[in-house]
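Text of the file work-v5.json, holding JSON, C-alpha atoms:
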```json
[["chain", "number", "residue", "atom", "x", "y", "z"],
["A", 1, "MET", "CA", 93.62, -68.70, 67.35],
["A", 2, "PHE", "CA", 90.75, -66.17, 67.20],
["A", 3, "THR", "CA", 91.09, -63.24, 69.52],
["A", 4, "PRO", "CA", 88.49, -60.48, 69.64],
["A", 5, "SER", "CA", 90.87, -58.12, 67.82],
["A", 6, "SER", "CA", 91.57, -60.60, 65.01],
["A", 7, "MET", "CA", 87.83, -61.23, 64.62],
["A", 8, "LYS", "CA", 87.26, -57.50, 64.30],
["A", 9, "LEU", "CA", 90.00, -57.33, 61.68],
["A", 10, "THR", "CA", 88.42, -60.17, 59.68],
["A", 11, "ARG", "CA", 85.03, -58.47, 59.86],
["A", 12, "ASN", "CA", 86.51, -55.16, 58.67],
["A", 13, "ALA", "CA", 88.30, -56.96, 55.86],
["A", 14, "ALA", "CA", 85.02, -58.64, 54.86],
["A", 15, "ILE", "CA", 83.21, -55.29, 54.85],
["A", 16, "ALA", "CA", 86.01, -53.72, 52.81],
["A", 17, "PHE", "CA", 85.85, -56.64, 50.38],
["A", 18, "ALA", "CA", 82.06, -56.32, 50.06],
["A", 19, "PHE", "CA", 82.36, -52.59, 49.34],
["A", 20, "THR", "CA", 85.08, -53.16, 46.74],
["A", 21, "LEU", "CA", 82.92, -55.83, 45.11],
["A", 22, "LEU", "CA", 79.87, -53.55, 45.10],
["A", 23, "PHE", "CA", 81.79, -50.64, 43.59],
["A", 24, "GLY", "CA", 83.36, -52.98, 41.06],
["A", 25, "MET", "CA", 79.96, -54.29, 40.04],
["A", 26, "MET", "CA", 78.46, -50.87, 39.41],
["A", 27, "GLY", "CA", 77.22, -50.63, 35.87],
["A", 28, "CYS", "CA", 78.26, -47.03, 35.34],
["A", 29, "ALA", "CA", 80.37, -46.40, 32.29],
["A", 30, "ASN", "CA", 81.05, -43.48, 30.02],
["A", 31, "VAL", "CA", 79.29, -43.95, 26.72],
["A", 32, "ALA", "CA", 80.98, -42.13, 23.86],
["A", 33, "PRO", "CA", 78.65, -40.15, 21.57],
["A", 34, "TRP", "CA", 79.28, -42.60, 18.70],
["A", 35, "GLU", "CA", 78.28, -45.54, 20.91],
["A", 36, "ARG", "CA", 74.75, -44.25, 21.48],
["A", 37, "GLY", "CA", 73.22, -45.84, 18.41],
["A", 38, "ASN", "CA", 71.38, -48.52, 20.37],
["A", 39, "LEU", "CA", 70.36, -46.11, 23.11],
["A", 40, "ALA", "CA", 68.85, -43.83, 20.46],
["A", 41, "LYS", "CA", 66.44, -46.52, 19.23],
["A", 42, "PRO", "CA", 62.77, -45.76, 19.92],
["A", 43, "GLN", "CA", 62.29, -49.00, 21.84],
["A", 44, "MET", "CA", 64.95, -47.84, 24.32],
["A", 45, "ASP", "CA", 62.78, -44.91, 25.33],
["A", 46, "ILE", "CA", 61.42, -44.88, 28.88],
["A", 47, "ASP", "CA", 57.96, -44.63, 27.35],
["A", 48, "PRO", "CA", 58.26, -46.11, 23.85],
["A", 49, "HIS", "CA", 54.56, -45.58, 23.02],
["A", 50, "PRO", "CA", 53.46, -42.28, 24.59],
["A", 51, "LEU", "CA", 50.10, -42.15, 22.75],
["A", 52, "GLN", "CA", 49.18, -45.66, 23.82],
["A", 53, "THR", "CA", 50.21, -44.95, 27.39],
["A", 54, "GLU", "CA", 48.11, -41.81, 27.42],
["A", 55, "MET", "CA", 45.03, -43.67, 26.12],
["A", 56, "GLN", "CA", 45.47, -46.53, 28.58],
["A", 57, "SER", "CA", 45.89, -44.12, 31.44],
["A", 58, "HIS", "CA", 42.81, -42.21, 30.30],
["A", 59, "ASN", "CA", 40.68, -45.35, 30.06],
["A", 60, "TYR", "CA", 41.94, -46.64, 33.36],
["A", 61, "SER", "CA", 41.02, -43.48, 35.20],
["A", 62, "SER", "CA", 37.68, -42.80, 33.47],
["A", 63, "ARG", "CA", 35.39, -44.54, 35.91],
["A", 64, "GLU", "CA", 32.04, -43.61, 37.35],
["A", 65, "ALA", "CA", 32.36, -40.36, 39.35],
["A", 66, "ALA", "CA", 36.11, -40.42, 39.00],
["A", 67, "PRO", "CA", 38.12, -37.35, 38.15],
["A", 68, "SER", "CA", 40.23, -37.10, 35.07],
["A", 69, "HIS", "CA", 43.58, -38.66, 35.73],
["A", 70, "LYS", "CA", 45.26, -35.33, 35.16],
["A", 71, "SER", "CA", 42.97, -33.24, 37.28],
["A", 72, "SER", "CA", 43.10, -32.64, 41.00],
["A", 73, "ALA", "CA", 39.41, -31.63, 41.02],
["A", 74, "GLY", "CA", 36.60, -34.15, 41.26],
["A", 75, "GLY", "CA", 34.97, -35.30, 38.07],
["A", 76, "GLY", "CA", 31.60, -36.44, 36.82],
["A", 77, "GLY", "CA", 32.90, -39.75, 35.56],
["A", 78, "CYS", "CA", 33.43, -38.65, 32.00],
["A", 79, "GLY", "CA", 37.17, -38.60, 32.35],
["A", 80, "CYS", "CA", 37.18, -35.29, 30.50],
["A", 81, "TYR", "CA", 40.19, -33.03, 30.52],
["B", 82, "MET", "CA", 118.20, -8.80, 37.11],
["B", 83, "LYS", "CA", 119.71, -11.90, 35.57],
["B", 84, "LYS", "CA", 116.84, -13.96, 36.91],
["B", 85, "ILE", "CA", 114.29, -11.66, 35.32],
["B", 86, "LYS", "CA", 116.09, -11.89, 31.99],
["B", 87, "GLN", "CA", 116.15, -15.66, 32.28],
["B", 88, "SER", "CA", 112.46, -15.89, 33.08],
["B", 89, "PHE", "CA", 111.66, -13.63, 30.10],
["B", 90, "PHE", "CA", 113.68, -15.91, 27.88],
["B", 91, "ILE", "CA", 111.87, -18.99, 29.21],
["B", 92, "ILE", "CA", 108.45, -17.38, 28.74],
["B", 93, "ALA", "CA", 109.35, -16.37, 25.19],
["B", 94, "LEU", "CA", 110.53, -19.90, 24.46],
["B", 95, "LEU", "CA", 107.32, -21.38, 25.87],
["B", 96, "LEU", "CA", 105.18, -19.01, 23.82],
["B", 97, "LEU", "CA", 107.11, -19.96, 20.71],
["B", 98, "CYS", "CA", 106.64, -23.67, 21.45],
["B", 99, "SER", "CA", 102.94, -23.32, 22.17],
["B", 100, "LYS", "CA", 102.44, -21.30, 18.99],
["B", 101, "SER", "CA", 104.14, -23.91, 16.87],
["B", 102, "ALA", "CA", 102.09, -26.61, 18.61],
["B", 103, "LEU", "CA", 98.85, -24.78, 17.91],
["B", 104, "ALA", "CA", 99.85, -23.66, 14.46],
["B", 105, "ASP", "CA", 98.62, -26.65, 12.63],
["B", 106, "HIS", "CA", 95.56, -28.50, 13.76],
["B", 107, "LEU", "CA", 95.11, -30.01, 10.32],
["B", 108, "GLU", "CA", 98.49, -31.71, 10.44],
["B", 109, "GLN", "CA", 97.80, -33.13, 13.91],
["B", 110, "ILE", "CA", 94.34, -34.33, 12.95],
["B", 111, "SER", "CA", 95.55, -35.74, 9.67],
["B", 112, "SER", "CA", 98.29, -37.80, 11.30],
["B", 113, "ALA", "CA", 95.92, -39.11, 13.99],
["B", 114, "CYS", "CA", 92.87, -39.78, 11.81],
["B", 115, "ASP", "CA", 92.45, -43.02, 9.99],
["B", 116, "LEU", "CA", 89.67, -42.14, 7.58],
["B", 117, "LYS", "CA", 88.28, -44.71, 5.19],
["B", 118, "THR", "CA", 85.64, -44.75, 2.51],
["B", 119, "LEU", "CA", 82.42, -46.55, 3.47],
["B", 120, "ASP", "CA", 83.64, -49.69, 1.71],
["B", 121, "GLY", "CA", 86.83, -49.69, 3.75],
["B", 122, "LYS", "CA", 89.35, -48.25, 1.30],
["B", 123, "PRO", "CA", 91.76, -45.53, 2.43],
["B", 124, "ALA", "CA", 90.11, -42.15, 2.04],
["B", 125, "LEU", "CA", 91.55, -38.73, 1.39],
["B", 126, "ALA", "CA", 94.28, -37.39, 3.66],
["B", 127, "LEU", "CA", 93.04, -34.24, 5.33],
["B", 128, "GLN", "CA", 96.39, -32.60, 4.78],
["B", 129, "GLU", "CA", 95.71, -32.51, 1.06],
["B", 130, "LEU", "CA", 92.98, -29.97, 1.80],
["B", 131, "ARG", "CA", 95.42, -27.34, 3.01],
["B", 132, "GLY", "CA", 94.60, -24.01, 1.44],
["B", 133, "LYS", "CA", 90.89, -24.75, 1.48],
["B", 134, "VAL", "CA", 88.30, -24.00, 4.11],
["B", 135, "VAL", "CA", 87.23, -27.40, 5.42],
["B", 136, "TYR", "CA", 83.89, -28.13, 7.06],
["B", 137, "ILE", "CA", 84.10, -31.49, 8.82],
["B", 138, "ASP", "CA", 80.81, -32.85, 10.09],
["B", 139, "PHE", "CA", 80.65, -35.94, 12.30],
["B", 140, "TRP", "CA", 77.33, -37.74, 11.86],
["B", 141, "ALA", "CA", 75.55, -41.03, 12.50],
["B", 142, "SER", "CA", 72.48, -42.61, 10.93],
["B", 143, "TRP", "CA", 70.53, -42.79, 14.20],
["B", 144, "CYS", "CA", 70.86, -39.10, 15.01],
["B", 145, "PRO", "CA", 67.75, -37.02, 14.11],
["B", 146, "PRO", "CA", 69.54, -33.62, 13.92],
["B", 147, "CYS", "CA", 71.98, -35.20, 11.42],
["B", 148, "VAL", "CA", 69.01, -35.83, 9.10],
["B", 149, "LYS", "CA", 68.14, -32.15, 9.36],
["B", 150, "SER", "CA", 71.73, -31.08, 8.73],
["B", 151, "PHE", "CA", 72.13, -32.96, 5.43],
["B", 152, "PRO", "CA", 70.13, -30.54, 3.24],
["B", 153, "PHE", "CA", 72.18, -27.68, 4.71],
["B", 154, "LEU", "CA", 75.47, -29.49, 4.01],
["B", 155, "ASN", "CA", 74.36, -30.29, 0.46],
["B", 156, "GLN", "CA", 73.44, -26.66, -0.08],
["B", 157, "LEU", "CA", 76.74, -25.54, 1.41],
["B", 158, "GLU", "CA", 78.68, -27.79, -0.96],
["B", 159, "HIS", "CA", 76.63, -26.47, -3.87],
["B", 160, "ASP", "CA", 76.96, -22.80, -2.95],
["B", 161, "MET", "CA", 80.51, -22.57, -1.66],
["B", 162, "LYS", "CA", 82.50, -25.27, -3.44],
["B", 163, "GLU", "CA", 83.64, -22.78, -6.09],
["B", 164, "GLN", "CA", 84.89, -20.46, -3.37],
["B", 165, "GLY", "CA", 87.08, -23.17, -1.88],
["B", 166, "VAL", "CA", 84.94, -24.71, 0.85],
["B", 167, "HIS", "CA", 85.24, -28.47, 1.14],
["B", 168, "VAL", "CA", 82.51, -30.27, 3.06],
["B", 169, "ILE", "CA", 83.31, -33.68, 4.54],
["B", 170, "GLY", "CA", 80.85, -35.88, 6.40],
["B", 171, "VAL", "CA", 82.57, -38.32, 8.74],
["B", 172, "ASN", "CA", 80.31, -41.23, 9.58],
["B", 173, "LEU", "CA", 80.56, -42.72, 13.06],
["B", 174, "ASP", "CA", 78.07, -45.57, 12.74],
["B", 175, "GLU", "CA", 79.02, -48.89, 14.27],
["B", 176, "LYS", "CA", 77.56, -50.73, 11.26],
["B", 177, "VAL", "CA", 78.39, -49.52, 7.76],
["B", 178, "LYS", "CA", 75.05, -50.88, 6.56],
["B", 179, "ASP", "CA", 73.20, -48.32, 8.70],
["B", 180, "ALA", "CA", 75.17, -45.51, 7.06],
["B", 181, "GLU", "CA", 74.49, -46.86, 3.59],
["B", 182, "GLU", "CA", 70.75, -47.12, 4.26],
["B", 183, "PHE", "CA", 70.76, -43.57, 5.61],
["B", 184, "LEU", "CA", 72.53, -42.30, 2.49],
["B", 185, "THR", "CA", 70.01, -43.93, 0.16],
["B", 186, "LYS", "CA", 67.23, -42.09, 2.01],
["B", 187, "HIS", "CA", 69.16, -38.84, 2.40],
["B", 188, "PRO", "CA", 71.62, -38.52, -0.49],
["B", 189, "ALA", "CA", 74.80, -36.57, 0.20],
["B", 190, "HIS", "CA", 76.39, -34.44, -2.50],
["B", 191, "PHE", "CA", 79.55, -33.87, -0.47],
["B", 192, "SER", "CA", 82.45, -36.17, 0.50],
["B", 193, "ILE", "CA", 81.45, -38.98, 2.81],
["B", 194, "VAL", "CA", 84.11, -40.87, 4.73],
["B", 195, "ALA", "CA", 83.98, -43.23, 7.69],
["B", 196, "ASP", "CA", 86.01, -43.34, 10.87],
["B", 197, "PRO", "CA", 85.76, -47.05, 11.73],
["B", 198, "ALA", "CA", 88.36, -46.95, 14.52],
["B", 199, "LYS", "CA", 86.87, -43.66, 15.84],
["B", 200, "THR", "CA", 90.41, -42.24, 16.02],
["B", 201, "CYS", "CA", 89.38, -38.96, 14.46],
["B", 202, "ALA", "CA", 86.43, -38.54, 16.82],
["B", 203, "LYS", "CA", 88.65, -39.24, 19.82],
["B", 204, "VAL", "CA", 91.38, -36.82, 18.74],
["B", 205, "LEU", "CA", 88.86, -34.06, 18.08],
["B", 206, "GLU", "CA", 86.98, -34.90, 21.28],
["B", 207, "VAL", "CA", 83.58, -35.15, 19.63],
["B", 208, "MET", "CA", 81.07, -34.74, 22.46],
["B", 209, "ALA", "CA", 77.76, -34.60, 20.64],
["B", 210, "MET", "CA", 76.16, -35.75, 17.44],
["B", 211, "PRO", "CA", 76.44, -34.04, 15.04],
["B", 212, "THR", "CA", 79.58, -31.99, 15.69],
["B", 213, "SER", "CA", 81.13, -29.79, 13.02],
["B", 214, "PHE", "CA", 84.63, -28.37, 12.85],
["B", 215, "ILE", "CA", 85.49, -25.47, 10.60],
["B", 216, "ILE", "CA", 89.16, -25.42, 9.61],
["B", 217, "ASP", "CA", 90.66, -22.37, 7.92],
["B", 218, "LYS", "CA", 93.07, -22.26, 4.96],
["B", 219, "LYS", "CA", 96.09, -22.36, 7.28],
["B", 220, "GLY", "CA", 94.85, -25.57, 8.88],
["B", 221, "ASN", "CA", 93.60, -24.16, 12.18],
["B", 222, "ILE", "CA", 90.30, -25.11, 13.77],
["B", 223, "ARG", "CA", 88.36, -21.86, 13.91],
["B", 224, "HIS", "CA", 84.95, -23.03, 15.05],
["B", 225, "VAL", "CA", 83.38, -26.05, 16.71],
["B", 226, "HIS", "CA", 79.64, -26.46, 16.41],
["B", 227, "GLN", "CA", 77.69, -29.03, 18.39],
["B", 228, "GLY", "CA", 74.24, -30.16, 17.36],
["B", 229, "PHE", "CA", 72.24, -28.73, 14.50],
["B", 230, "ARG", "CA", 69.40, -26.25, 14.58],
["B", 231, "PRO", "CA", 68.18, -24.71, 11.33],
["B", 232, "GLY", "CA", 68.36, -21.18, 12.81],
["B", 233, "GLU", "CA", 72.12, -21.37, 13.17],
["B", 234, "THR", "CA", 72.98, -21.91, 9.53],
["B", 235, "GLU", "CA", 73.30, -18.22, 8.68],
["B", 236, "GLU", "CA", 75.94, -17.76, 11.35],
["B", 237, "LEU", "CA", 77.93, -20.71, 9.99],
["B", 238, "ARG", "CA", 77.63, -19.42, 6.44],
["B", 239, "ALA", "CA", 78.83, -15.99, 7.50],
["B", 240, "LEU", "CA", 81.87, -17.50, 9.21],
["B", 241, "LEU", "CA", 82.69, -19.62, 6.15],
["B", 242, "ALA", "CA", 82.35, -16.60, 3.87],
["B", 243, "GLN", "CA", 84.74, -14.71, 6.12],
["B", 244, "LEU", "CA", 87.29, -17.56, 6.18],
["B", 245, "VAL", "CA", 87.15, -17.91, 2.40],
["B", 246, "MET", "CA", 88.22, -14.26, 2.09],
["B", 247, "GLU", "CA", 91.29, -14.77, 4.28],
["B", 248, "ASN", "CA", 94.68, -15.25, 2.67],
["B", 249, "PRO", "CA", 96.19, -18.69, 3.05]]
```
Here is the file; what I need is its structure written in the form of structure tokens.
Amino acid sequence: MFTPSSMKLTRNAAIAFAFTLLFGMMGCANVAPWERGNLAKPQMDIDPHPLQTEMQSHNYSSREAAPSHKSSAGGGGCGCY
Amino acid sequence: MKKIKQSFFIIALLLLCSKSALADHLEQISSACDLKTLDGKPALALQELRGKVVYIDFWASWCPPCVKSFPFLNQLEHDMKEQGVHVIGVNLDEKVKDAEEFLTKHPAHFSIVADPAKTCAKVLEVMAMPTSFIIDKKGNIRHVHQGFRPGETEELRALLAQLVMENP
């Protein structure tokens, strides 16, 4: 029979279970220095192609009367630095 | 008064124990390490190097500072081998093939061994790549060096020269 107190208990248990599950599913793990071979690969970099990114960003922001993407001042549209 | 005497005795005993425990890093490392050659055969036992100054360098093929450290290690082997310095490179790659490819590009003129089970790295608590341990003639770790920057080589050389002069 469900009483208000037993319902509360079930809800608390469900919350506790959900928390345990969430903490259990966290992907944090200690990576030993000798296990960092894959992480050290260039394709694992946050920005694997910095030159390409820079050029794309430059082209994207170089519009008519637009400032350079790195400048807070207004620009003449040349996208100059 | 008796209590004070007792506590002195206990402290002396503890000091003695701790000294004997610290006395021989080489023996501890040697018993814990399972070093192999790159093709999987049993490699040298570190204990055999007692009486020499040992420079153990942990490296991996994917680590850029390790590339920079190899010319220094080669030079060290060339310059100080006669004086009793033994340079060992312990590879920690997960694939032996990576290490072999690295060694064809960057030849090593010093001993290269592998630590496939990573027992040695765990015992010595290697925290960075590369990490070097300098062990004196008595078998004690005298210096731990993490990373490699060309500016630091003189300091390492000076320490090695000093350790070589010590009596075993």
Give me the chain A side of the contact with chain B, cut-off 10 Å, one line per residue showing its nearest atom pair and distance in Å at one decimal, counting all atoms listed in the file, sorted by chain and residue number, as JSON lines.
```
{"residue": "A:Ala32", "atom": "CA", "partner": "B:Met208", "partner_atom": "CA", "distance": 7.5}
{"residue": "A:Pro33", "atom": "CA", "partner": "B:Ala209", "partner_atom": "CA", "distance": 5.7}
{"residue": "A:Trp34", "atom": "CA", "partner": "B:Leu173", "partner_atom": "CA", "distance": 5.8}
{"residue": "A:Glu35", "atom": "CA", "partner": "B:Glu175", "partner_atom": "CA", "distance": 7.5}
{"residue": "A:Arg36", "atom": "CA", "partner": "B:Trp143", "partner_atom": "CA", "distance": 8.5}
{"residue": "A:Gly37", "atom": "CA", "partner": "B:Trp143", "partner_atom": "CA", "distance": 5.9}
{"residue": "A:Asn38", "atom": "CA", "partner": "B:Trp143", "partner_atom": "CA", "distance": 8.5}
{"residue": "A:Leu39", "atom": "CA", "partner": "B:Trp143", "partner_atom": "CA", "distance": 9.5}
{"residue": "A:Ala40", "atom": "CA", "partner": "B:Trp143", "partner_atom": "CA", "distance": 6.6}
{"residue": "A:Lys41", "atom": "CA", "partner": "B:Trp143", "partner_atom": "CA", "distance": 7.5}
```
| remark: Of B:Cys114, B:Val166, B:Val171, B:Ala189, the one nearest to Arg238 (chain B) when counting all atoms listed in the file is B:Val166
| Cut-off 9 Å around (79.6, -31.0, -1.4) with only C-alpha atoms: residues as a PyMOL selection string | chain B and resi 154-162+166-169+189-192
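One distance worth recording is that between CA of Leu116 (chain B) and CA of Leu130 (chain B), which is 13.9 Å.
The space between CA of Gly220 (chain B) and CA of Arg131 (chain B) spans 6.2 Å.
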| message | Taking 4 positions as the minimum chain separation for residues in the same chain, which residues sit within 8 Å of Ile110 (chain B) when counting only C-alpha atoms? Answer as a PyMOL selection string. | response | chain B and resi 106+114+127+201+204-205
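For the pair CA of Gln164 (chain B) and CA of Ile215 (chain B), the interatomic distance is 14.9 Å.
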| message | Neighbouring residues of Leu184 (chain B) were defined as those with any atom within 10 Å, considering all atoms listed in the file; residues of the same chain fewer than 5 positions away were excluded. Please report them as a PyMOL selection string. | response | chain B and resi 142+148+151+178-179+189+193
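Distance annotation: of B:Lys149, B:Lys117, B:Lys186, B:Lys218, the residue with the minimal separation from Leu244 (chain B) is B:Lys218; atom set is all atoms listed in the file.
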| said: When you look at Gly165 (chain B) with a cut-off of 9 Å (counting all atoms listed in the file), what residues show up, excluding the ones that are within fewer than 6 positions of it in the same chain? I need them as a list in words. | reply: Gly132, Lys133, Val134, Val135 and Val245 of chain B
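Counting all atoms listed in the file and comparing B:Glu129, B:Phe214, B:Lys219, B:Tyr136, the residue that lies closest to Pro249 (chain B) is B:Lys219.
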